Structure formats: structure tokens, C-alpha cells
file query_35.txt (compact mmCIF, C-alpha atoms and all ligand atoms)
# COMPACT_ATOMS: atom_id res chain seq x y z
CA MET A 682 -20.88 -10.30 33.67
CA VAL A 683 -18.81 -7.51 32.18
CA GLU A 684 -20.33 -5.19 29.53
CA SER A 685 -19.72 -6.56 26.04
CA VAL A 686 -19.51 -3.13 24.39
CA ILE A 687 -16.64 -1.11 25.81
CA GLN A 688 -15.70 2.41 24.73
CA LEU A 689 -11.95 2.75 24.33
CA LYS A 690 -9.32 5.37 24.83
CA CYS A 691 -6.50 5.07 22.29
CA GLU A 692 -3.17 6.75 21.70
CA CYS A 693 -1.72 8.65 18.76
CA SER A 694 2.01 8.52 17.97
CA ASN A 695 4.10 11.41 16.69
CA TYR A 696 6.40 10.04 13.98
CA PRO A 697 7.83 12.80 11.76
CA TRP A 698 5.99 11.48 8.66
CA GLY A 699 2.61 12.30 10.21
CA LYS A 700 0.39 15.22 9.28
CA VAL A 701 0.66 18.29 11.50
CA GLY A 702 -1.90 19.47 14.06
CA GLU A 703 -5.53 19.72 12.90
CA ASP A 704 -4.51 18.46 9.43
CA SER A 705 -4.03 15.02 10.92
CA LEU A 706 -7.20 12.93 10.83
CA ALA A 707 -5.57 10.50 13.29
CA ALA A 708 -5.18 13.35 15.78
CA ARG A 709 -8.67 14.76 15.17
CA LEU A 710 -10.26 11.36 15.71
CA CYS A 711 -8.10 10.69 18.76
CA SER A 712 -9.09 14.02 20.30
CA ALA A 713 -12.81 13.32 19.77
CA THR A 714 -13.01 10.71 22.51
CA PRO A 715 -14.30 12.51 25.60
CA TYR A 716 -12.08 12.77 28.68
CA ASN A 717 -9.19 10.78 27.26
CA GLY A 718 -6.65 13.42 28.24
CA PHE A 719 -5.42 13.87 24.66
CA LYS A 720 -4.64 17.45 23.71
CA LEU A 721 -4.11 18.26 20.05
CA GLU A 722 -1.13 20.59 19.65
CA LYS A 723 -0.93 22.82 16.56
CA GLU A 724 2.74 22.26 15.68
CA LYS A 725 3.07 18.56 16.44
CA SER A 726 3.10 15.70 13.88
CA TYR A 727 0.43 13.07 14.47
CA ALA A 728 1.14 9.91 12.50
CA GLU A 729 -0.99 7.02 13.68
CA MET A 730 -3.60 5.98 16.21
CA TRP A 731 -3.58 2.32 17.27
CA MET A 732 -6.74 0.59 18.40
CA GLY A 733 -6.42 -2.76 20.14
CA THR A 734 -4.26 -4.63 22.59
CA TYR A 735 -0.78 -4.55 21.09
CA PRO A 736 1.40 -4.12 24.21
CA THR A 737 3.56 -1.17 23.08
CA THR A 738 0.54 1.09 22.38
CA PRO A 739 -2.44 -0.56 24.03
CA SER A 740 -6.01 0.74 24.27
CA TYR A 741 -7.69 1.39 27.60
CA VAL A 742 -11.27 1.16 28.85
CA LEU A 743 -12.46 4.78 28.75
CA LYS A 744 -14.63 4.52 31.84
CA THR A 745 -12.20 2.80 34.21
CA GLY A 746 -8.72 3.30 32.74
CA GLU A 747 -8.12 -0.47 32.80
CA LEU A 748 -6.11 -2.08 30.02
CA LEU A 749 -8.52 -3.58 27.47
CA GLN A 750 -6.36 -6.72 27.40
CA ASP A 751 -6.81 -7.21 31.16
CA VAL A 752 -10.59 -7.03 30.81
CA ILE A 753 -10.50 -9.48 27.90
CA ASN A 754 -8.22 -11.87 29.79
CA ALA A 755 -10.62 -11.90 32.75
CA ASN A 756 -13.65 -12.56 30.53
CA LYS A 757 -12.29 -14.64 27.66
CA GLU A 758 -15.25 -16.92 27.02
CA GLN A 759 -17.76 -14.07 27.10
CA LEU A 760 -15.80 -11.51 25.04
CA VAL A 761 -13.63 -13.58 22.67
CA GLY A 762 -15.64 -16.79 22.48
CA LYS A 763 -14.54 -20.35 21.90
CA THR A 764 -14.08 -20.20 18.11
CA VAL A 765 -11.49 -17.44 18.21
CA LEU A 766 -9.94 -18.53 21.52
CA ASP A 767 -9.18 -21.91 19.96
CA LYS A 768 -7.66 -20.28 16.87
CA PHE A 769 -5.75 -17.30 18.28
CA GLY A 770 -5.99 -17.28 22.08
CA ALA A 771 -7.12 -14.24 24.08
CA ASP A 772 -4.87 -11.66 22.37
CA LEU A 773 -6.75 -9.82 19.63
CA PRO A 774 -5.30 -11.29 16.40
CA PHE A 775 -5.63 -7.98 14.55
CA LEU A 776 -4.55 -4.39 15.00
CA PRO A 777 -6.48 -1.54 13.34
CA LYS A 778 -4.91 1.91 12.97
CA ILE A 779 -5.68 5.32 11.51
CA LEU A 780 -2.69 6.77 9.62
CA SER A 781 -2.32 10.40 8.53
CA ILE A 782 0.63 10.54 6.16
CA GLN A 783 2.31 13.80 5.18
CA LYS A 784 5.48 12.32 3.69
CA ALA A 785 6.68 8.86 2.72
CA LEU A 786 6.85 6.20 5.41
CA PRO A 787 10.02 4.13 5.47
CA LEU A 788 10.37 1.73 2.53
CA GLN A 789 9.50 -1.53 4.21
CA ILE A 790 8.52 -5.15 4.28
CA HIS A 791 7.04 -7.19 7.11
CA PRO A 792 8.75 -10.57 7.37
CA ASP A 793 6.69 -13.74 6.97
CA ILE A 794 6.13 -16.16 9.86
CA GLU A 795 9.23 -18.26 9.24
CA LEU A 796 11.61 -15.28 9.06
CA SER A 797 9.84 -13.57 11.98
CA LYS A 798 10.51 -16.60 14.17
CA LYS A 799 14.18 -16.60 13.18
CA LEU A 800 14.63 -12.84 13.66
CA HIS A 801 12.79 -12.91 16.98
CA LYS A 802 15.12 -15.62 18.24
CA GLU A 803 18.24 -13.73 17.14
CA ASN A 804 17.14 -10.24 18.15
CA PRO A 805 14.00 -10.15 20.30
CA ASP A 806 14.48 -6.46 21.15
CA GLN A 807 14.06 -5.36 17.54
CA PHE A 808 11.72 -8.12 16.39
CA GLY A 809 9.21 -8.50 19.18
CA ASP A 810 6.90 -10.89 17.36
CA THR A 811 7.01 -14.38 15.89
CA ASN A 812 4.06 -13.57 13.65
CA HIS A 813 3.70 -12.27 10.09
CA LYS A 814 2.05 -8.93 9.40
CA PRO A 815 0.07 -8.85 6.18
CA GLU A 816 -1.94 -5.64 6.11
CA ILE A 817 -4.75 -3.84 4.35
CA ALA A 818 -5.08 -0.10 3.80
CA VAL A 819 -8.40 1.60 3.05
CA ALA A 820 -8.19 5.17 1.71
CA LEU A 821 -10.15 7.78 3.67
CA SER A 822 -8.80 10.58 1.46
CA PHE A 823 -6.93 10.62 -1.86
CA PHE A 824 -4.07 8.22 -1.11
CA GLU A 825 -0.75 7.64 -2.89
CA ALA A 826 1.47 4.62 -2.33
CA PHE A 827 4.31 2.59 -3.78
CA CYS A 828 3.34 -1.10 -3.63
CA GLY A 829 4.86 -4.23 -5.08
CA PHE A 830 7.14 -4.45 -8.09
CA LYS A 831 6.48 -3.23 -11.60
CA PRO A 832 6.17 -5.88 -14.30
CA LYS A 833 9.64 -7.05 -15.25
CA SER A 834 9.29 -5.82 -18.84
CA ASP A 835 8.60 -2.27 -17.56
CA ILE A 836 11.67 -2.39 -15.34
CA GLN A 837 13.82 -3.70 -18.20
CA GLN A 838 12.64 -0.82 -20.39
CA LEU A 839 13.43 1.79 -17.73
CA LEU A 840 16.92 0.35 -17.28
CA GLU A 841 17.60 1.35 -20.90
CA LEU A 842 17.57 5.00 -19.76
CA GLU A 843 21.14 6.30 -19.69
CA PRO A 844 21.28 7.20 -15.95
CA LEU A 845 19.97 3.76 -14.95
CA LYS A 846 22.20 1.52 -17.11
CA GLN A 847 24.76 1.32 -14.26
CA PHE A 848 22.27 -0.65 -12.10
CA ARG A 849 21.55 -3.34 -14.66
CA PRO A 850 22.05 -6.81 -13.19
CA LYS A 851 24.66 -9.13 -14.67
CA ASP A 852 22.20 -12.00 -14.90
CA SER A 853 20.00 -11.56 -17.97
CA GLN A 854 17.53 -14.38 -17.13
CA TRP A 855 15.30 -12.09 -15.04
CA THR A 856 14.49 -14.60 -12.38
CA ASP A 857 13.70 -13.59 -8.78
CA SER A 858 17.40 -13.58 -7.98
CA THR A 859 17.99 -11.09 -10.82
CA MET A 860 15.42 -8.83 -9.19
CA ARG A 861 17.15 -9.25 -5.83
CA GLU A 862 20.48 -8.29 -7.38
CA LEU A 863 18.96 -5.23 -9.04
CA CYS A 864 17.22 -4.14 -5.86
CA LYS A 865 20.45 -4.57 -3.94
CA ASN A 866 22.42 -2.56 -6.53
CA MET A 867 20.10 0.35 -5.90
CA LEU A 868 20.03 -0.01 -2.11
CA VAL A 869 23.82 -0.14 -1.67
CA ALA A 870 24.62 2.63 -4.18
CA PRO A 871 26.78 5.35 -2.58
CA GLU A 872 25.18 8.71 -1.80
CA LYS A 873 26.85 10.48 -4.73
CA THR A 874 25.63 7.87 -7.21
CA VAL A 875 22.07 8.15 -5.90
CA ALA A 876 22.15 11.96 -5.99
CA ASP A 877 23.60 12.07 -9.52
CA THR A 878 21.10 9.49 -10.79
CA LEU A 879 18.10 11.26 -9.29
CA LYS A 880 19.24 14.57 -10.74
CA ALA A 881 19.77 13.04 -14.19
CA LEU A 882 16.32 11.38 -14.07
CA GLY A 883 14.69 14.66 -13.08
CA ASP A 884 16.38 16.36 -16.05
CA LEU A 885 15.24 13.83 -18.68
CA PRO A 886 12.18 14.78 -20.76
CA LYS A 887 8.99 13.13 -19.54
CA SER A 888 8.45 11.48 -22.91
CA GLN A 889 11.43 9.16 -22.29
CA PHE A 890 9.62 7.45 -19.40
CA GLY A 891 6.79 6.01 -21.50
CA SER A 892 3.84 5.15 -19.26
CA HIS A 893 5.89 6.03 -16.17
CA SER A 894 5.82 9.81 -16.54
CA HIS A 895 5.21 10.11 -12.80
CA ILE A 896 8.91 9.33 -12.23
CA PRO A 897 10.42 12.73 -13.17
CA GLU A 898 7.48 14.44 -11.43
CA LEU A 899 8.06 12.61 -8.17
CA VAL A 900 11.85 13.07 -8.11
CA PRO A 901 11.73 16.62 -6.67
CA ARG A 902 9.01 15.64 -4.23
CA LEU A 903 10.98 12.72 -2.79
CA ILE A 904 14.16 14.83 -2.69
CA SER A 905 12.31 17.48 -0.70
CA GLN A 906 11.22 14.82 1.79
CA TYR A 907 14.33 12.67 2.22
CA GLY A 908 17.19 14.57 0.59
CA GLN A 909 19.12 14.11 -2.65
CA ALA A 910 20.63 10.75 -1.82
CA ASP A 911 18.06 8.41 -0.29
CA ASN A 912 18.35 4.94 -1.86
CA GLY A 913 14.63 4.47 -1.24
CA SER A 914 13.89 7.01 -3.97
CA LEU A 915 15.57 4.82 -6.61
CA VAL A 916 13.85 1.61 -5.56
CA THR A 917 10.37 3.13 -5.28
CA LEU A 918 10.54 5.15 -8.51
CA ILE A 919 12.18 2.60 -10.80
CA LEU A 920 11.19 -0.80 -9.44
CA MET A 921 7.83 -0.32 -7.71
CA ASN A 922 4.27 0.40 -8.79
CA PHE A 923 3.05 3.91 -8.00
CA LEU A 924 -0.64 3.70 -7.15
CA THR A 925 -3.30 6.28 -6.35
CA PHE A 926 -6.56 5.54 -4.57
CA GLN A 927 -9.85 7.35 -4.18
CA PRO A 928 -11.56 7.35 -0.78
CA GLY A 929 -13.09 3.93 -0.11
CA GLU A 930 -10.63 1.99 -2.28
CA ALA A 931 -8.42 -0.53 -0.53
CA ILE A 932 -5.21 -2.44 -1.05
CA CYS A 933 -3.83 -5.63 0.45
CA ILE A 934 -0.11 -6.03 1.18
CA PRO A 935 0.91 -9.68 1.56
CA ALA A 936 3.59 -10.84 4.01
CA ASP A 937 7.01 -9.84 2.58
CA GLY A 938 5.33 -7.41 0.13
CA ILE A 939 7.41 -4.28 -0.43
CA HIS A 940 5.59 -0.98 0.19
CA ALA A 941 6.06 2.70 1.00
CA TYR A 942 2.97 4.79 1.63
CA LEU A 943 3.41 8.32 0.33
CA LYS A 944 0.47 10.54 1.28
CA GLY A 945 -3.09 10.47 2.58
CA ASP A 946 -5.35 9.42 5.45
CA ILE A 947 -6.03 5.70 5.70
CA VAL A 948 -7.50 2.97 7.84
CA GLU A 949 -4.93 0.23 8.21
CA CYS A 950 -5.46 -3.19 9.69
CA MET A 951 -2.92 -5.94 10.12
CA ALA A 952 -2.27 -9.26 11.75
CA ARG A 953 -0.98 -8.77 15.28
CA SER A 954 2.71 -8.01 14.81
CA ASP A 955 5.01 -5.02 14.73
CA ASN A 956 7.92 -6.59 12.86
CA VAL A 957 9.32 -4.45 10.09
CA LEU A 958 12.47 -4.25 7.96
CA ASN A 959 13.25 -0.71 6.72
CA THR A 960 15.80 0.26 4.09
CA GLY A 961 14.91 3.69 2.78
CA PHE A 962 13.10 6.92 3.64
CA CYS A 963 14.60 6.82 7.10
CA PRO A 964 17.95 7.89 8.59
CA ARG A 965 20.85 5.64 7.47
CA ALA A 966 21.38 4.56 11.07
CA ASP A 967 17.81 3.20 11.25
CA ARG A 968 18.11 1.03 8.16
CA ASP A 969 18.13 -2.72 8.44
CA SER A 970 20.67 -4.84 6.61
CA VAL A 971 20.22 -4.61 2.84
CA ASP A 972 21.11 -8.30 2.47
CA LEU A 973 18.42 -9.33 4.93
CA PHE A 974 15.87 -7.02 3.29
CA VAL A 975 16.63 -8.22 -0.21
CA SER A 976 16.67 -11.91 0.75
CA ALA A 977 13.20 -11.62 2.32
CA LEU A 978 11.52 -9.95 -0.65
CA THR A 979 8.68 -11.65 -2.47
CA PHE A 980 8.24 -10.98 -6.16
CA LYS A 981 4.71 -12.26 -6.56
CA GLN A 982 3.15 -8.85 -6.86
CA HIS A 983 3.99 -7.71 -10.36
CA ASP A 984 0.64 -6.27 -11.33
CA SER A 985 0.88 -2.75 -12.68
CA LYS A 986 -2.85 -2.40 -12.18
CA LYS A 987 -4.03 -1.66 -8.69
CA PRO A 988 -3.74 -4.71 -6.44
CA LEU A 989 -7.12 -3.62 -5.16
CA LEU A 990 -8.97 -5.38 -2.44
CA ASP A 991 -12.62 -5.68 -3.43
CA ARG A 992 -15.49 -4.61 -1.25
CA VAL A 993 -18.02 -7.43 -0.95
CA ASP A 994 -21.45 -7.94 0.62
CA SER A 995 -21.39 -8.89 4.28
CA GLU A 996 -23.37 -11.84 5.59
CA TYR A 997 -23.79 -9.94 8.87
CA SER A 998 -25.62 -6.91 7.42
CA THR A 999 -29.43 -7.11 7.55
CA THR A 1000 -30.03 -4.26 5.07
CA GLY A 1001 -27.02 -4.67 2.77
CA LYS A 1002 -25.78 -1.20 3.75
CA THR A 1003 -22.71 -2.68 5.41
CA THR A 1004 -20.00 -4.09 3.14
CA ALA A 1005 -16.84 -6.01 3.95
CA PHE A 1006 -13.17 -6.28 3.06
CA LYS A 1007 -12.08 -9.90 3.29
CA PRO A 1008 -8.33 -10.09 2.72
CA PRO A 1009 -6.85 -13.53 2.02
CA MET A 1010 -5.56 -14.11 5.56
CA GLY A 1011 -7.33 -15.66 8.51
CA GLU A 1012 -6.76 -13.07 11.22
CA PHE A 1013 -9.45 -10.54 10.40
CA ASN A 1014 -12.07 -9.11 8.08
CA MET A 1015 -13.28 -5.52 8.11
CA LEU A 1016 -16.87 -4.27 7.96
CA VAL A 1017 -17.67 -0.81 6.62
CA THR A 1018 -21.06 0.72 7.43
CA GLN A 1019 -21.78 3.89 5.47
CA LEU A 1020 -25.20 5.44 5.97
CA GLY A 1021 -27.10 8.48 4.75
CA LYS A 1022 -29.13 10.63 7.10
CA GLY A 1023 -31.88 8.57 8.76
CA ASP A 1024 -30.53 5.26 7.41
CA LYS A 1025 -30.29 2.20 9.63
CA ASP A 1026 -28.51 -1.12 9.62
CA THR A 1027 -28.34 -4.00 12.05
CA ILE A 1028 -25.23 -6.18 12.17
CA LYS A 1029 -25.98 -9.72 13.24
CA GLU A 1030 -24.02 -11.45 16.02
CA ILE A 1031 -20.39 -12.11 15.05
CA PRO A 1032 -18.83 -15.17 16.74
CA GLY A 1033 -15.59 -13.36 17.62
CA PRO A 1034 -14.21 -10.11 19.06
CA SER A 1035 -14.16 -6.83 17.13
CA VAL A 1036 -13.01 -3.22 17.30
CA ALA A 1037 -15.37 -0.61 15.79
CA PHE A 1038 -14.33 2.97 15.11
CA MET A 1039 -16.25 5.82 13.62
CA THR A 1040 -14.38 7.91 11.04
CA SER A 1041 -17.05 10.45 10.14
CA GLY A 1042 -20.60 11.55 10.91
CA GLY A 1043 -22.76 10.73 13.89
CA GLY A 1044 -25.82 8.83 15.03
CA ARG A 1045 -26.90 6.21 17.50
CA MET A 1046 -25.74 2.72 18.30
CA THR A 1047 -27.85 0.10 20.05
CA ALA A 1048 -26.07 -2.96 21.41
CA ASP A 1049 -26.03 -5.10 24.53
CA GLY A 1050 -29.34 -3.56 25.68
CA LYS A 1051 -28.13 0.04 25.49
CA THR A 1052 -28.54 2.94 23.06
CA THR A 1053 -25.71 5.48 22.86
CA ASP A 1054 -25.02 8.60 20.80
CA ILE A 1055 -21.91 8.03 18.72
CA LYS A 1056 -19.77 10.34 16.59
CA ALA A 1057 -16.53 10.41 14.59
CA GLY A 1058 -13.62 9.39 16.79
CA TYR A 1059 -15.57 7.09 19.11
CA ILE A 1060 -13.98 3.65 19.37
CA TYR A 1061 -15.50 0.50 20.83
CA PHE A 1062 -14.43 -3.00 21.62
CA ILE A 1063 -17.40 -5.27 20.89
CA GLY A 1064 -17.39 -8.76 22.36
CA GLN A 1065 -18.49 -11.83 20.41
CA GLY A 1066 -22.18 -12.65 19.99
CA VAL A 1067 -23.57 -9.11 20.22
CA GLU A 1068 -26.07 -7.74 17.73
CA VAL A 1069 -25.33 -4.08 16.88
CA SER A 1070 -27.76 -1.58 15.30
CA TYR A 1071 -26.85 1.81 13.89
CA GLU A 1072 -29.05 4.77 13.04
CA SER A 1073 -27.45 7.70 11.24
CA SER A 1074 -28.19 11.35 12.01
CA SER A 1075 -25.76 12.66 9.37
CA SER A 1076 -25.19 12.23 5.65
CA ASP A 1077 -21.64 10.95 6.13
CA PHE A 1078 -22.01 8.24 8.79
CA ALA A 1079 -19.03 5.84 8.48
CA ILE A 1080 -18.02 3.19 10.96
CA TYR A 1081 -15.31 0.55 10.39
CA ARG A 1082 -15.19 -2.67 12.36
CA ALA A 1083 -12.34 -5.16 12.30
CA TYR A 1084 -13.32 -8.60 13.52
CA ALA A 1085 -12.05 -12.14 13.88
CA ALA A 1086 -14.44 -15.03 13.56
ZN ZN B 1101 3.68 -1.71 6.51
call {"tool": "encode", "arguments": {"input": "query_35.txt", "output": "C-alpha cells", "more": "lines below"}}
Ligand SMILES: [Zn+2]
result
Amino acid sequence: MVESVIQLKCECSNYPWGKVGEDSLAARLCSATPYNGFKLEKEKSYAEMWMGTYPTTPSYVLKTGELLQDVINANKEQLVGKTVLDKFGADLPFLPKILSIQKALPLQIHPDIELSKKLHKENPDQFGDTNHKPEIAVALSFFEAFCGFKPKSDIQQLLELEPLKQFRPKDSQWTDSTMRELCKNMLVAPEKTVADTLKALGDLPKSQFGSHSHIPELVPRLISQYGQADNGSLVTLILMNFLTFQPGEAICIPADGIHAYLKGDIVECMARSDNVLNTGFCPRADRDSVDLFVSALTFKQHDSKKPLLDRVDSEYSTTGKTTAFKPPMGEFNMLVTQLGKGDKDTIKEIPGPSVAFMTSGGGRMTADGKTTDIKAGYIYFIGQGVEVSYESSSSDFAIYRAYAA
């Protein structure tokens, strides 16, 4: 029998939106795994660390260098277990990541299952998956993001501002197709129009923006990141909710939900897919078709309050010190164990595979008949049916664990 608790070696990517050098939590955590060959360079951007078996950036068994997926495939019943094998097969159905964001990520949506199948058939090189990719983000630091659309009445009010009147849709019914038209008007606007509009918005007195006084404040920030003429700036500022999160707060982005993360360190977890449509905050050449983007949008999320994902009690925690995020999709839930110095918790057997990663602090973990010292940056695959106990030796012990069951 193979060991059911396997320490992993993961990789960190270097997209230009990532934080630089030691500032990047993703890089610091990645460099904490012993002997993984990762060397943190001062000047480099470190954007995201992926933990799991997604084939483009897979995780490896630290001890042997084997691909985690190969080990899982050879020991499916033991590690994944029948329940999850029947539902999802032997590929882990979820993909956790640590993101360290210095400037806005591309304005994006992740197509739903139906569109993913279609896009994959037409263009398998760009759309490698037939799956949807709803995702959750949990703030590890102060976190800023654009998510979902503002309430229609707020958007209508903003369109009364002189510089924005030109984008008003012809249709005055304000159905979903009106929103699509409006979004398209902003995404296809020529560079000069975008630049002139952003400048005019930045020059208007704050008082004219009502409850959206963040708009003129963010104009110079977005211009400094993506230039004077990025269409993404218009869509995010005028049409989308701007949300801020304290550490520990989480958000859920449904399939087809529009989002652009702006700044902060987060834990992200998503259904197994890497499909994305981008239209802003990226070079023009990298943008997907505006028509495709606009046609795929969902307009369900109109809440100007935070579309927060609540933290709930976990049925697996024996002391109640471990809580859970349970997003409304079947692929995964996420446990969060936060302990003070000397605190303990035991997590009962979960009938499916999981990936656990420590984001701060240190202590000991007992599982599968072994006790190991653990610290921030250590990452483990934990097979189904294994009881796991933690004992903290620091005041800031935090371990996240994505699981399917
Ligand atoms: Zn995304």
C-alpha cells in the first residue's frame, strides 16, 4: 500500500501581474518546501502557485519526484475512494492555488459547461477543457476585486454623467440584452474614446459619483497599470461592483461570472478547468472576441453588497476549531483550520481526496500513523479515509484543505 499522506512539490508561475520577489506570498510559500529546487529571485514576479494534478502545472511527490497524478492513478481505490471515483474519476476535480496580485488580472469570465464543450471542440488548443470553472477566493491579506455587475439602477445613474452618455444603449428596457449591448459598447470603443472618457471621469468632482466615489480614485491607478486606453477600465469601473475584503473573507464566482481581481494575496480554488475568456487588462492581441465574451455573460450577480461566501461549521472537525467554505457547486469544499498556540483539532475521515496547504504558522500533524513537523508552505495530498490531527506551536497556525466527497 502506498502512503496516504504525500508531501508535494508545487510550481509558481511568473505572470507580470504577480507580486515581486519576497513580497509575493505565493513565492514565499513555494520556497518553503524543502529541497524542491525553487529559488526565489528578488526581481522576478511571482503570480500563482498551483497545487494539484492539472496537467499544465502539475504537482509532484516531494520524496520521489513522481507525478502526483501517476501515484493516484496507480492507487485509485485507496487514495480517491469509490464515492469520488464514481462522481469524477481519478483526476482531482478541484484545483487550489495561492495568488499574489500586484496589479489587475485580465478582466475575465470562465465559460459554463455547455460553452466550454463547444469552444473545446472548435479550438482545443486554447480551450483545453470541457468543464466549467466556478471559483472561490479567500483573502489572506486585504484584497480588492471587481466582481459581478452593479445593480442596474446604479449603472443607469452613472450613465447620466456627461462623459458616459455616449455608451448608453439604444434599448431602454434594461433587459439582459441591454446590458450586453452596453458592455459591448464599452469593450469595442476605440482607444481615443476610452482615453478621453477615463480622463474626463478622473477630472469630475467626486461628489458627482454618488456612492461610487471609488471611480475617480481608481482611474489613475488603473491607467498606471494598463495605460490610458484599456477598455477593461471602463467596464470594471462603471459596470462592475468594486469589493474589498478583510483577511478570512471569501467570495464565490459562479460559472460565467465576470471578475477582475485587483490586489492582494488569496487562496483560490476552482473546479478542474483552465478555460478563460479575457477582454481587458491584457495586451490587445491576447483578447478574446468581444462578441463571444459578451454573449457568454451572466447577469445574475447584481448585488452591490459583497457576494460573500459564508464560513460554516464543519462536520469533520472534532473541536469546532476548523470551519468550512461550502460553495454551491459539487466539485469541492474547503476546510480552514486556524489554531492558537497549543491548540489542537482532529479532522475526521473524509470519504474523498484532498489537498492541504499551510499558509502561516507551524506545528505538528499526525496522520496515517505518522507525526510530522509542519510549517507555512508545506503542502500535502491526503487520500480518502484518513483521520488528521493538528497541534499548533504558533499563534498563527492556518491550514487550508480542499476536498471532494
Ligand atoms: Zn478567474
call {"tool": "closest_residue", "arguments": {"input": "query_35.txt", "among": "A:Ala1005, A:Leu978, A:Ala881, A:Val1036", "to": "A:Val1017", "atoms": "only C-alpha atoms"}}
result
A:Ala1005
call {"tool": "atom_distance", "arguments": {"input": "query_35.txt", "atom1": "atom CA of A:Asp806", "atom2": "atom CA of A:Arg968"}}
result
15.4 Å
call {"tool": "residues_around", "arguments": {"input": "query_35.txt", "residues": "A:Ile687", "least_positions_apart": "6", "cutoff": "10 Å", "atoms": "all atoms listed in the file", "output": "PyMOL selection string"}}
result
chain A and resi 741-744+749+752+1036+1060-1064
call {"tool": "write_last_selection", "arguments": {"input": "query_35.txt", "atoms": "C-alpha atoms", "output": "CSV table (one decimal), keeping the file's coordinate frame"}}
result
chain,number,residue,atom,x,y,z
A,741,TYR,CA,-7.7,1.4,27.6
A,742,VAL,CA,-11.3,1.2,28.8
A,743,LEU,CA,-12.5,4.8,28.8
A,744,LYS,CA,-14.6,4.5,31.8
A,749,LEU,CA,-8.5,-3.6,27.5
A,752,VAL,CA,-10.6,-7.0,30.8
A,1036,VAL,CA,-13.0,-3.2,17.3
A,1060,ILE,CA,-14.0,3.6,19.4
A,1061,TYR,CA,-15.5,0.5,20.8
A,1062,PHE,CA,-14.4,-3.0,21.6
A,1063,ILE,CA,-17.4,-5.3,20.9
A,1064,GLY,CA,-17.4,-8.8,22.4
call {"tool": "residues_near_point", "arguments": {"input": "query_35.txt", "point": "(25.5, 3.6, -10.3)", "cutoff": "12 Å", "atoms": "only C-alpha atoms", "output": "list of chain:residue names"}}
result
A:Leu840, A:Glu843, A:Pro844, A:Leu845, A:Lys846, A:Gln847, A:Phe848, A:Arg849, A:Pro850, A:Leu863, A:Lys865, A:Asn866, A:Met867, A:Leu868, A:Val869, A:Ala870, A:Pro871, A:Glu872, A:Lys873, A:Thr874, A:Val875, A:Ala876, A:Asp877, A:Thr878, A:Leu879, A:Ala881, A:Asn912, A:Leu915
call {"tool": "atom_distance", "arguments": {"input": "query_35.txt", "atom1": "atom CA of A:Pro736", "atom2": "atom CA of A:Gly809"}}
result
10.3 Å
call {"tool": "residues_around", "arguments": {"input": "query_35.txt", "residues": "A:Thr960", "least_positions_apart": "5", "cutoff": "10 Å", "atoms": "all atoms listed in the file", "output": "PyMOL selection string"}}
result
chain A and resi 787-790+868-869+911-913+916+965-971+973-975
call {"tool": "decode", "arguments": {"input": "query_35.txt", "residues": "stretch 1037-1043 of chain A", "atoms": "all heavy atoms", "output": "mmCIF file, in the first residue's frame"}}
result
data_model
loop_
_atom_site.group_PDB
_atom_site.id
_atom_site.type_symbol
_atom_site.label_atom_id
_atom_site.label_comp_id
_atom_site.auth_asym_id
_atom_site.auth_seq_id
_atom_site.Cartn_x
_atom_site.Cartn_y
_atom_site.Cartn_z
ATOM 1 N N ALA A 1037 -4.034 19.671 1.249
ATOM 2 C CA ALA A 1037 -3.926 20.559 2.411
ATOM 3 C C ALA A 1037 -2.659 21.392 2.274
ATOM 4 O O ALA A 1037 -1.608 20.872 1.900
ATOM 5 C CB ALA A 1037 -3.889 19.741 3.696
ATOM 6 N N PHE A 1038 -2.783 22.693 2.573
ATOM 7 C CA PHE A 1038 -1.597 23.551 2.451
ATOM 8 C C PHE A 1038 -1.598 24.570 3.570
ATOM 9 O O PHE A 1038 -2.593 25.202 3.876
ATOM 10 C CB PHE A 1038 -1.542 24.234 1.080
ATOM 11 C CG PHE A 1038 -2.840 24.830 0.626
ATOM 12 C CD1 PHE A 1038 -3.074 26.195 0.747
ATOM 13 C CD2 PHE A 1038 -3.835 24.034 0.075
ATOM 14 C CE1 PHE A 1038 -4.281 26.753 0.331
ATOM 15 C CE2 PHE A 1038 -5.040 24.580 -0.343
ATOM 16 C CZ PHE A 1038 -5.260 25.937 -0.215
ATOM 17 N N MET A 1039 -0.413 24.727 4.166
ATOM 18 C CA MET A 1039 -0.304 25.589 5.318
ATOM 19 C C MET A 1039 0.088 26.990 4.844
ATOM 20 O O MET A 1039 1.036 27.135 4.078
ATOM 21 C CB MET A 1039 0.774 25.011 6.232
ATOM 22 C CG MET A 1039 0.708 25.574 7.587
ATOM 23 S SD MET A 1039 1.311 24.429 8.815
ATOM 24 C CE MET A 1039 0.794 25.348 10.249
ATOM 25 N N THR A 1040 -0.658 28.006 5.279
ATOM 26 C CA THR A 1040 -0.360 29.366 4.816
ATOM 27 C C THR A 1040 0.356 30.199 5.862
ATOM 28 O O THR A 1040 0.956 31.219 5.525
ATOM 29 C CB THR A 1040 -1.656 30.096 4.396
ATOM 30 O OG1 THR A 1040 -2.563 30.084 5.494
ATOM 31 C CG2 THR A 1040 -2.300 29.423 3.196
ATOM 32 N N SER A 1041 0.277 29.812 7.131
ATOM 33 C CA SER A 1041 1.079 30.515 8.138
ATOM 34 C C SER A 1041 1.225 29.651 9.386
ATOM 35 O O SER A 1041 0.469 28.700 9.598
ATOM 36 C CB SER A 1041 0.468 31.874 8.500
ATOM 37 O OG SER A 1041 -0.751 31.705 9.173
ATOM 38 N N GLY A 1042 2.257 29.980 10.178
ATOM 39 C CA GLY A 1042 2.481 29.295 11.445
ATOM 40 C C GLY A 1042 3.175 27.953 11.299
ATOM 41 O O GLY A 1042 3.721 27.621 10.239
ATOM 42 N N GLY A 1043 3.125 27.184 12.389
ATOM 43 C CA GLY A 1043 3.767 25.876 12.377
ATOM 44 C C GLY A 1043 3.212 25.002 13.476
ATOM 45 O O GLY A 1043 2.465 25.459 14.350
#
